[in-house]
$ cat data.cif   # mmCIF, C-alpha atoms and all ligand atoms
data_upload
#
loop_
_atom_site.label_atom_id
_atom_site.label_comp_id
_atom_site.auth_asym_id
_atom_site.auth_seq_id
_atom_site.Cartn_x
_atom_site.Cartn_y
_atom_site.Cartn_z
CA MET A 1 -32.64 -10.12 -2.24
CA PRO A 2 -30.96 -8.68 0.91
CA ALA A 3 -33.28 -6.58 3.08
CA LYS A 4 -32.91 -2.83 2.50
CA LYS A 5 -31.16 -1.03 5.34
CA THR A 6 -33.03 1.78 7.08
CA VAL A 7 -31.39 5.22 7.23
CA SER A 8 -30.54 4.75 10.92
CA GLU A 9 -29.01 1.28 10.26
CA SER A 10 -26.87 2.75 7.47
CA LYS A 11 -25.79 5.63 9.71
CA LEU A 12 -24.82 3.16 12.47
CA LEU A 13 -22.81 1.05 10.01
CA HIS A 14 -21.12 4.18 8.69
CA LYS A 15 -20.19 5.24 12.23
CA LYS A 16 -18.82 1.74 13.00
CA LEU A 17 -16.63 1.86 9.88
CA ILE A 18 -15.33 5.35 10.76
CA ASP A 19 -14.56 4.19 14.34
CA LEU A 20 -12.74 1.12 13.00
CA TRP A 21 -10.73 3.28 10.61
CA ASN A 22 -9.85 5.76 13.38
CA ARG A 23 -8.61 2.97 15.65
CA GLY A 24 -5.87 2.26 13.10
CA GLN A 25 -4.72 5.92 12.87
CA SER A 26 -2.65 8.10 15.19
CA GLU A 27 -1.83 11.80 15.48
CA TYR A 28 1.80 10.71 16.03
CA CYS A 29 2.47 9.10 12.64
CA GLU A 30 1.61 8.66 8.97
CA VAL A 31 2.53 6.42 6.03
CA ARG A 32 5.32 7.58 3.67
CA GLY A 33 7.71 5.97 1.16
CA SER A 34 10.43 4.28 3.23
CA ASN A 35 14.22 4.31 2.93
CA ILE A 36 14.21 0.74 4.30
CA HIS A 37 11.54 -0.95 2.18
CA GLY A 38 8.37 0.00 0.27
CA ARG A 39 6.14 2.04 2.50
CA GLY A 40 6.89 2.79 6.14
CA VAL A 41 5.42 4.75 9.05
CA TYR A 42 6.98 8.09 10.02
CA ALA A 43 6.64 10.36 13.06
CA THR A 44 4.60 13.47 12.25
CA LYS A 45 5.81 15.13 15.46
CA ARG A 46 8.18 14.49 18.37
CA ILE A 47 7.16 11.35 20.23
CA PRO A 48 8.25 11.09 23.88
CA LYS A 49 9.84 7.89 25.25
CA GLU A 50 7.35 5.15 26.23
CA ALA A 51 4.40 6.80 24.48
CA LYS A 52 1.53 4.66 23.22
CA ILE A 53 1.75 5.52 19.51
CA ILE A 54 -0.77 3.43 17.61
CA GLU A 55 -2.83 0.24 17.85
CA TYR A 56 -1.94 -2.74 15.63
CA VAL A 57 -5.55 -3.41 14.62
CA GLY A 58 -6.86 -6.49 12.87
CA GLU A 59 -8.93 -9.59 13.16
CA LEU A 60 -8.69 -11.85 16.23
CA ILE A 61 -8.09 -15.40 14.94
CA ASP A 62 -7.24 -18.74 16.56
CA LYS A 63 -3.96 -20.57 15.90
CA ASN A 64 -5.46 -22.95 13.28
CA GLU A 65 -6.79 -20.06 11.23
CA SER A 66 -3.54 -18.18 11.79
CA GLU A 67 -1.49 -21.07 10.39
CA LYS A 68 -3.68 -21.17 7.24
CA ARG A 69 -3.54 -17.41 6.69
CA GLY A 70 0.21 -17.28 7.39
CA VAL A 71 0.86 -19.88 4.69
CA SER A 72 -1.41 -18.15 2.18
CA GLN A 73 -0.01 -14.64 2.90
CA HIS A 74 3.54 -15.99 2.55
CA ALA A 75 2.71 -17.74 -0.76
CA HIS A 76 1.16 -14.49 -2.02
CA SER A 77 4.23 -12.50 -1.01
CA VAL A 78 6.56 -14.96 -2.79
CA LYS A 79 4.42 -14.73 -5.93
CA THR A 80 4.00 -10.95 -6.09
CA GLY A 81 7.17 -9.91 -4.28
CA ASP A 82 5.36 -6.95 -2.73
CA ALA A 83 3.15 -8.30 0.02
CA ALA A 84 4.04 -9.68 3.42
CA VAL A 85 2.77 -11.67 6.39
CA TYR A 86 0.76 -9.55 8.82
CA ILE A 87 -0.01 -12.13 11.51
CA PHE A 88 0.96 -10.94 14.98
CA THR A 89 1.28 -13.36 17.92
CA LEU A 90 -1.12 -12.35 20.70
CA SER A 91 -1.25 -15.33 23.08
CA ARG A 92 -0.97 -19.11 23.14
CA LYS A 93 -4.49 -19.37 21.68
CA TYR A 94 -4.91 -16.32 19.50
CA ASP A 95 -3.20 -14.12 16.93
CA ILE A 96 -4.13 -10.85 15.24
CA ASP A 97 -4.31 -10.76 11.44
CA GLY A 98 -3.45 -7.16 10.69
CA ASN A 99 -3.89 -7.48 6.94
CA VAL A 100 -6.59 -4.80 6.73
CA PRO A 101 -6.21 -1.41 4.98
CA TRP A 102 -7.02 0.62 8.10
CA ASN A 103 -4.17 -0.96 10.05
CA THR A 104 -1.49 1.70 9.53
CA ALA A 105 0.88 -0.11 11.94
CA ARG A 106 1.15 -3.07 9.53
CA LEU A 107 3.48 -0.91 7.45
CA ILE A 108 6.06 -0.39 10.23
CA ASN A 109 9.38 -1.83 9.03
CA HIS A 110 11.92 -3.87 11.00
CA SER A 111 15.19 -2.45 12.32
CA CYS A 112 18.17 -3.96 14.13
CA SER A 113 18.12 -0.76 16.27
CA PRO A 114 14.38 -0.25 16.68
CA ASN A 115 12.79 2.82 18.22
CA CYS A 116 9.48 1.08 18.99
CA GLU A 117 8.17 -2.10 20.53
CA ALA A 118 4.81 -3.90 20.42
CA TRP A 119 3.08 -4.30 23.78
CA ILE A 120 0.14 -6.61 24.34
CA GLU A 121 -2.72 -5.28 26.44
CA GLY A 122 -5.41 -7.93 26.91
CA ARG A 123 -6.51 -8.80 23.39
CA LYS A 124 -5.03 -5.67 21.85
CA ILE A 125 -1.57 -4.80 20.54
CA PHE A 126 -0.12 -1.30 20.77
CA ILE A 127 3.10 0.12 19.36
CA HIS A 128 5.07 2.05 22.00
CA SER A 129 8.19 4.19 21.66
CA LEU A 130 11.36 2.80 23.24
CA LYS A 131 13.05 6.19 23.14
CA GLU A 132 12.29 9.75 22.14
CA ILE A 133 11.57 9.86 18.39
CA LYS A 134 12.17 13.03 16.37
CA GLU A 135 9.63 14.40 13.88
CA GLY A 136 10.31 12.80 10.46
CA GLU A 137 12.03 9.66 11.84
CA GLU A 138 10.82 6.29 10.58
CA LEU A 139 9.15 4.08 13.21
CA THR A 140 10.61 0.58 13.46
CA PHE A 141 10.43 -2.46 15.69
CA ASP A 142 12.13 -5.83 15.99
CA TYR A 143 10.06 -8.33 13.98
CA GLY A 144 11.58 -11.12 16.11
CA PHE A 145 11.82 -13.49 13.13
CA ASP A 146 13.29 -16.93 13.78
CA VAL A 147 16.93 -17.56 12.89
CA ASP A 148 15.97 -20.77 11.04
CA CYS A 149 14.72 -18.77 8.05
CA TYR A 150 17.27 -15.93 8.21
CA GLU A 151 18.37 -16.34 4.58
CA ASP A 152 14.82 -15.54 3.37
CA HIS A 153 14.87 -12.13 5.07
CA PRO A 154 17.91 -9.93 4.37
CA CYS A 155 17.76 -6.73 6.43
CA LEU A 156 18.09 -3.30 4.83
CA CYS A 157 17.61 -1.22 7.99
CA GLY A 158 20.93 0.51 7.36
CA THR A 159 21.74 1.06 11.05
CA GLU A 160 25.24 0.68 12.53
CA ASN A 161 24.08 -2.43 14.42
CA CYS A 162 22.54 -4.14 11.39
CA VAL A 163 23.24 -7.90 11.46
CA GLY A 164 22.30 -8.26 7.79
CA TYR A 165 19.17 -10.33 8.34
CA ILE A 166 15.75 -9.82 9.92
CA VAL A 167 16.24 -11.98 13.01
CA GLY A 168 14.97 -11.32 16.55
CA ARG A 169 17.66 -9.82 18.81
CA ALA A 170 17.45 -12.78 21.21
CA GLN A 171 18.76 -15.02 18.41
CA TRP A 172 21.65 -12.82 17.28
CA PRO A 173 24.30 -15.03 19.00
CA GLU A 174 22.91 -18.07 17.13
CA LEU A 175 22.89 -16.09 13.86
CA GLU A 176 26.53 -15.11 14.41
CA GLU A 177 27.47 -18.79 14.89
CA ARG A 178 25.67 -19.78 11.70
CA LEU A 179 27.23 -16.96 9.67
CA LYS A 180 30.71 -17.91 10.95
CA ALA A 181 30.16 -21.60 10.06
CA LYS A 182 28.92 -20.58 6.61
CA ALA A 183 31.96 -18.35 6.00
CA ILE A 184 34.36 -21.13 7.08
CA LYS A 185 32.59 -23.61 4.76
CA SER A 186 32.73 -21.29 1.76
CA ALA A 187 36.42 -20.41 2.45
CA GLY A 188 37.15 -24.18 2.49
CA LYS A 189 35.40 -24.64 -0.86
CA LYS A 190 37.36 -21.74 -2.42
CA LYS A 191 40.67 -23.22 -1.18
CA LYS A 192 39.83 -26.61 -2.69
CA SER A 193 38.95 -25.16 -6.10
CA SER A 194 42.12 -22.99 -6.35
C1 LIG B 201 4.71 -5.91 7.29
S1 LIG B 201 5.58 -5.40 5.86
C2 LIG B 201 6.15 -3.79 6.25
C3 LIG B 201 5.69 -2.79 5.22
C4 LIG B 201 6.43 -2.88 3.90
N1 LIG B 201 7.54 -1.96 3.87
C5 LIG B 201 5.49 -2.60 2.74
O1 LIG B 201 5.68 -1.62 2.02
O2 LIG B 201 4.55 -3.40 2.56
C6 LIG B 201 6.95 -6.45 6.12
C7 LIG B 201 7.84 -6.60 4.93
O3 LIG B 201 8.56 -5.40 4.69
C8 LIG B 201 9.90 -5.69 4.33
N2 LIG B 201 10.79 -5.19 5.36
C9 LIG B 201 10.49 -4.73 6.58
N3 LIG B 201 11.57 -4.35 7.25
C10 LIG B 201 12.62 -4.59 6.45
C11 LIG B 201 14.03 -4.44 6.60
N4 LIG B 201 14.58 -3.96 7.69
N5 LIG B 201 14.82 -4.81 5.56
C12 LIG B 201 14.29 -5.30 4.42
N6 LIG B 201 12.95 -5.48 4.22
C13 LIG B 201 12.14 -5.12 5.22
C14 LIG B 201 9.99 -7.21 4.22
O4 LIG B 201 9.70 -7.56 2.88
C15 LIG B 201 8.89 -7.67 5.14
O5 LIG B 201 8.43 -8.95 4.81
ZN ZN B 202 19.21 -4.49 10.09
#

$ encode --input "data.cif" --output "structure tokens"
Amino acid sequence: MPAKKTVSESKLLHKKLIDLWNRGQSEYCEVRGSNIHGRGVYATKRIPKEAKIIEYVGELIDKNESEKRGVSQHAHSVKTGDAAVYIFTLSRKYDIDGNVPWNTARLINHSCSPNCEAWIEGRKIFIHSLKEIKEGEELTFDYGFDVDCYEDHPCLCGTENCVGYIVGRAQWPELEERLKAKAIKSAGKKKKSS
């Protein structure tokens, strides 16, 4: 039988849990139903440019563990259709698994015109504003997904700049090439069959 906790041990544990929970919250934002997808994170008040909004909290894991969890989170998301992968690259050795309920920032959606960016500070990740954000605006950042799996991730950000897929901005030229090649191929097929 596990040893009974003393009152002071229980109080300490309770305080640790509250502190952990608070680390994943911010006065600047809260979770609401999103126009982009599922739930999202919205500004509860005006956020100035370059403000530190919220920490992306989670478990520090090495790359081996990250690989395993990434595969299992992806398989789960394919099966249920409602989950996602919450692994965030931290360094060459470590990642953060943000798949914990107190990590509010895990619900921030992707946009092709994002208003936020993730900054790494030591072993922590913080979401910062790239521009002034009005009260009620949804917070978004560039997920930076690889172009190789673009077809698995259609983008519904709805912005003027939307490229149609969740792909990191650095790979947009490559995406454009691939979309052009695909369009030419399918036009060729149509011609042949008519
Ligand atoms: C980390 S979750 C973000 C929170 C998510 N909206 C939810 O309710 O769980 C990431 C997933 O949200 C969805 N998502 C995020 N941004 C999106 C976008 N711009 N267009 C379409 N789906 C998006 C994708 O399914 C993605 O795998
Ligand atoms: Zn988009």

$ atom_distance --input "data.cif" --atom1 "atom C8 of ligand LIG 201 (chain B)" --atom2 "atom CA of A:Val167"
12.5 Å

$ closest_atom_pairs --input "data.cif" --of "stretch 74-135 of chain A" --to "stretch 143-157 of chain A" --cutoff "8 Å" --atoms "all atoms listed in the file" --output "JSON lines"
{"residue": "A:His110", "atom": "CA", "partner": "A:Tyr143", "partner_atom": "CA", "distance": 5.7}
{"residue": "A:Ser111", "atom": "CA", "partner": "A:Cys157", "partner_atom": "CA", "distance": 5.1}
{"residue": "A:Cys112", "atom": "CA", "partner": "A:Cys157", "partner_atom": "CA", "distance": 6.7}

$ residues_near_ligand --input "data.cif" --ligand "ligand LIG 201 (chain B)" --cutoff "9 Å" --atoms "all atoms listed in the file" --output "ChimeraX atom specification"
/A:33-34,36-41,74,77,81-87,98-99,105-112,140-143,153-158,162,164-166

$ closest_residue --input "data.cif" --among "A:Arg169, A:Lys52, A:Lys131, A:Lys5" --to "ligand ZN 202 (chain B)" --atoms "all atoms listed in the file"
A:Arg169

$ closest_residue --input "data.cif" --among "A:Glu55, A:Asp62, A:Glu160, A:Glu177" --to "ligand ZN 202 (chain B)" --atoms "all atoms listed in the file"
A:Glu160

$ closest_residue --input "data.cif" --among "A:Pro114, A:Gly70, A:Pro173, A:Gly122" --to "ligand ZN 202 (chain B)" --atoms "all atoms listed in the file"
A:Pro114

$ residues_around --input "data.cif" --residues "A:Glu121" --least-positions-apart "3" --cutoff "12 Å" --atoms "only C-alpha atoms" --output "NGL selection string"
:A and (52 or 55-56 or 90-91 or 118 or 124-128)

$ closest_residue --input "data.cif" --among "A:Ser186, A:Ser129, A:Gln73, A:Asn161" --to "A:Cys29" --atoms "all atoms listed in the file"
A:Ser129

$ closest_residue --input "data.cif" --among "A:Glu137, A:Glu9, A:Glu176, A:Glu117" --to "A:Glu50" --atoms "all atoms listed in the file"
A:Glu117

$ closest_residue --input "data.cif" --among "A:Glu67, A:Asp97, A:Glu174, A:Glu27" --to "A:Ile47" --atoms "only C-alpha atoms"
A:Glu27

$ build_atoms --input "data.cif" --residues "stretch 53-83 of chain A" --atoms "N, CA and C atoms" --output "tab-separated table (two decimals), in the coordinates of the input"
chain	number	residue	atom	x	y	z
A	53	ILE	N	1.82	4.80	20.79
A	53	ILE	CA	1.75	5.52	19.51
A	53	ILE	C	0.51	5.15	18.70
A	54	ILE	N	0.31	3.85	18.52
A	54	ILE	CA	-0.77	3.43	17.61
A	54	ILE	C	-1.13	1.98	17.89
A	55	GLU	N	-2.40	1.65	17.66
A	55	GLU	CA	-2.83	0.24	17.85
A	55	GLU	C	-2.55	-0.56	16.58
A	56	TYR	N	-2.09	-1.81	16.77
A	56	TYR	CA	-1.94	-2.74	15.63
A	56	TYR	C	-3.29	-3.45	15.52
A	57	VAL	N	-4.19	-2.88	14.69
A	57	VAL	CA	-5.55	-3.41	14.62
A	57	VAL	C	-5.67	-4.54	13.61
A	58	GLY	N	-6.64	-5.40	13.81
A	58	GLY	CA	-6.86	-6.49	12.87
A	58	GLY	C	-7.91	-7.44	13.41
A	59	GLU	N	-7.92	-8.61	12.79
A	59	GLU	CA	-8.93	-9.59	13.16
A	59	GLU	C	-8.36	-10.58	14.17
A	60	LEU	N	-9.11	-10.86	15.23
A	60	LEU	CA	-8.69	-11.85	16.23
A	60	LEU	C	-8.96	-13.24	15.65
A	61	ILE	N	-7.91	-14.07	15.53
A	61	ILE	CA	-8.09	-15.40	14.94
A	61	ILE	C	-7.40	-16.45	15.82
A	62	ASP	N	-7.89	-17.70	15.77
A	62	ASP	CA	-7.24	-18.74	16.56
A	62	ASP	C	-6.02	-19.28	15.80
A	63	LYS	N	-5.24	-20.13	16.48
A	63	LYS	CA	-3.96	-20.57	15.90
A	63	LYS	C	-4.14	-21.37	14.60
A	64	ASN	N	-5.23	-22.18	14.51
A	64	ASN	CA	-5.46	-22.95	13.28
A	64	ASN	C	-5.65	-22.02	12.09
A	65	GLU	N	-6.51	-21.02	12.29
A	65	GLU	CA	-6.79	-20.06	11.23
A	65	GLU	C	-5.53	-19.26	10.90
A	66	SER	N	-4.76	-18.95	11.95
A	66	SER	CA	-3.54	-18.18	11.79
A	66	SER	C	-2.53	-18.91	10.91
A	67	GLU	N	-2.41	-20.22	11.17
A	67	GLU	CA	-1.49	-21.07	10.39
A	67	GLU	C	-1.86	-21.01	8.90
A	68	LYS	N	-3.18	-21.18	8.64
A	68	LYS	CA	-3.68	-21.17	7.24
A	68	LYS	C	-3.38	-19.82	6.58
A	69	ARG	N	-3.72	-18.75	7.29
A	69	ARG	CA	-3.54	-17.41	6.69
A	69	ARG	C	-2.06	-17.08	6.51
A	70	GLY	N	-1.24	-17.52	7.48
A	70	GLY	CA	0.21	-17.28	7.39
A	70	GLY	C	0.77	-17.90	6.12
A	71	VAL	N	0.37	-19.17	5.87
A	71	VAL	CA	0.86	-19.88	4.69
A	71	VAL	C	0.38	-19.16	3.43
A	72	SER	N	-0.90	-18.76	3.40
A	72	SER	CA	-1.41	-18.15	2.18
A	72	SER	C	-0.83	-16.75	1.97
A	73	GLN	N	-0.62	-15.97	3.05
A	73	GLN	CA	-0.01	-14.64	2.90
A	73	GLN	C	1.44	-14.76	2.44
A	74	HIS	N	2.14	-15.80	2.96
A	74	HIS	CA	3.54	-15.99	2.55
A	74	HIS	C	3.61	-16.37	1.07
A	75	ALA	N	2.72	-17.31	0.64
A	75	ALA	CA	2.71	-17.74	-0.76
A	75	ALA	C	2.43	-16.54	-1.66
A	76	HIS	N	1.50	-15.69	-1.25
A	76	HIS	CA	1.16	-14.49	-2.02
A	76	HIS	C	2.36	-13.56	-2.12
A	77	SER	N	3.08	-13.41	-1.01
A	77	SER	CA	4.23	-12.50	-1.01
A	77	SER	C	5.35	-13.03	-1.89
A	78	VAL	N	5.53	-14.38	-1.94
A	78	VAL	CA	6.56	-14.96	-2.79
A	78	VAL	C	6.20	-14.72	-4.26
A	79	LYS	N	4.89	-14.88	-4.55
A	79	LYS	CA	4.42	-14.73	-5.93
A	79	LYS	C	4.52	-13.29	-6.44
A	80	THR	N	4.06	-12.35	-5.63
A	80	THR	CA	4.00	-10.95	-6.09
A	80	THR	C	5.25	-10.16	-5.74
A	81	GLY	N	5.95	-10.61	-4.70
A	81	GLY	CA	7.17	-9.91	-4.28
A	81	GLY	C	6.88	-8.62	-3.53
A	82	ASP	N	5.60	-8.24	-3.39
A	82	ASP	CA	5.36	-6.95	-2.73
A	82	ASP	C	4.46	-7.03	-1.49
A	83	ALA	N	4.00	-8.21	-1.18
A	83	ALA	CA	3.15	-8.30	0.02
A	83	ALA	C	3.95	-8.90	1.17
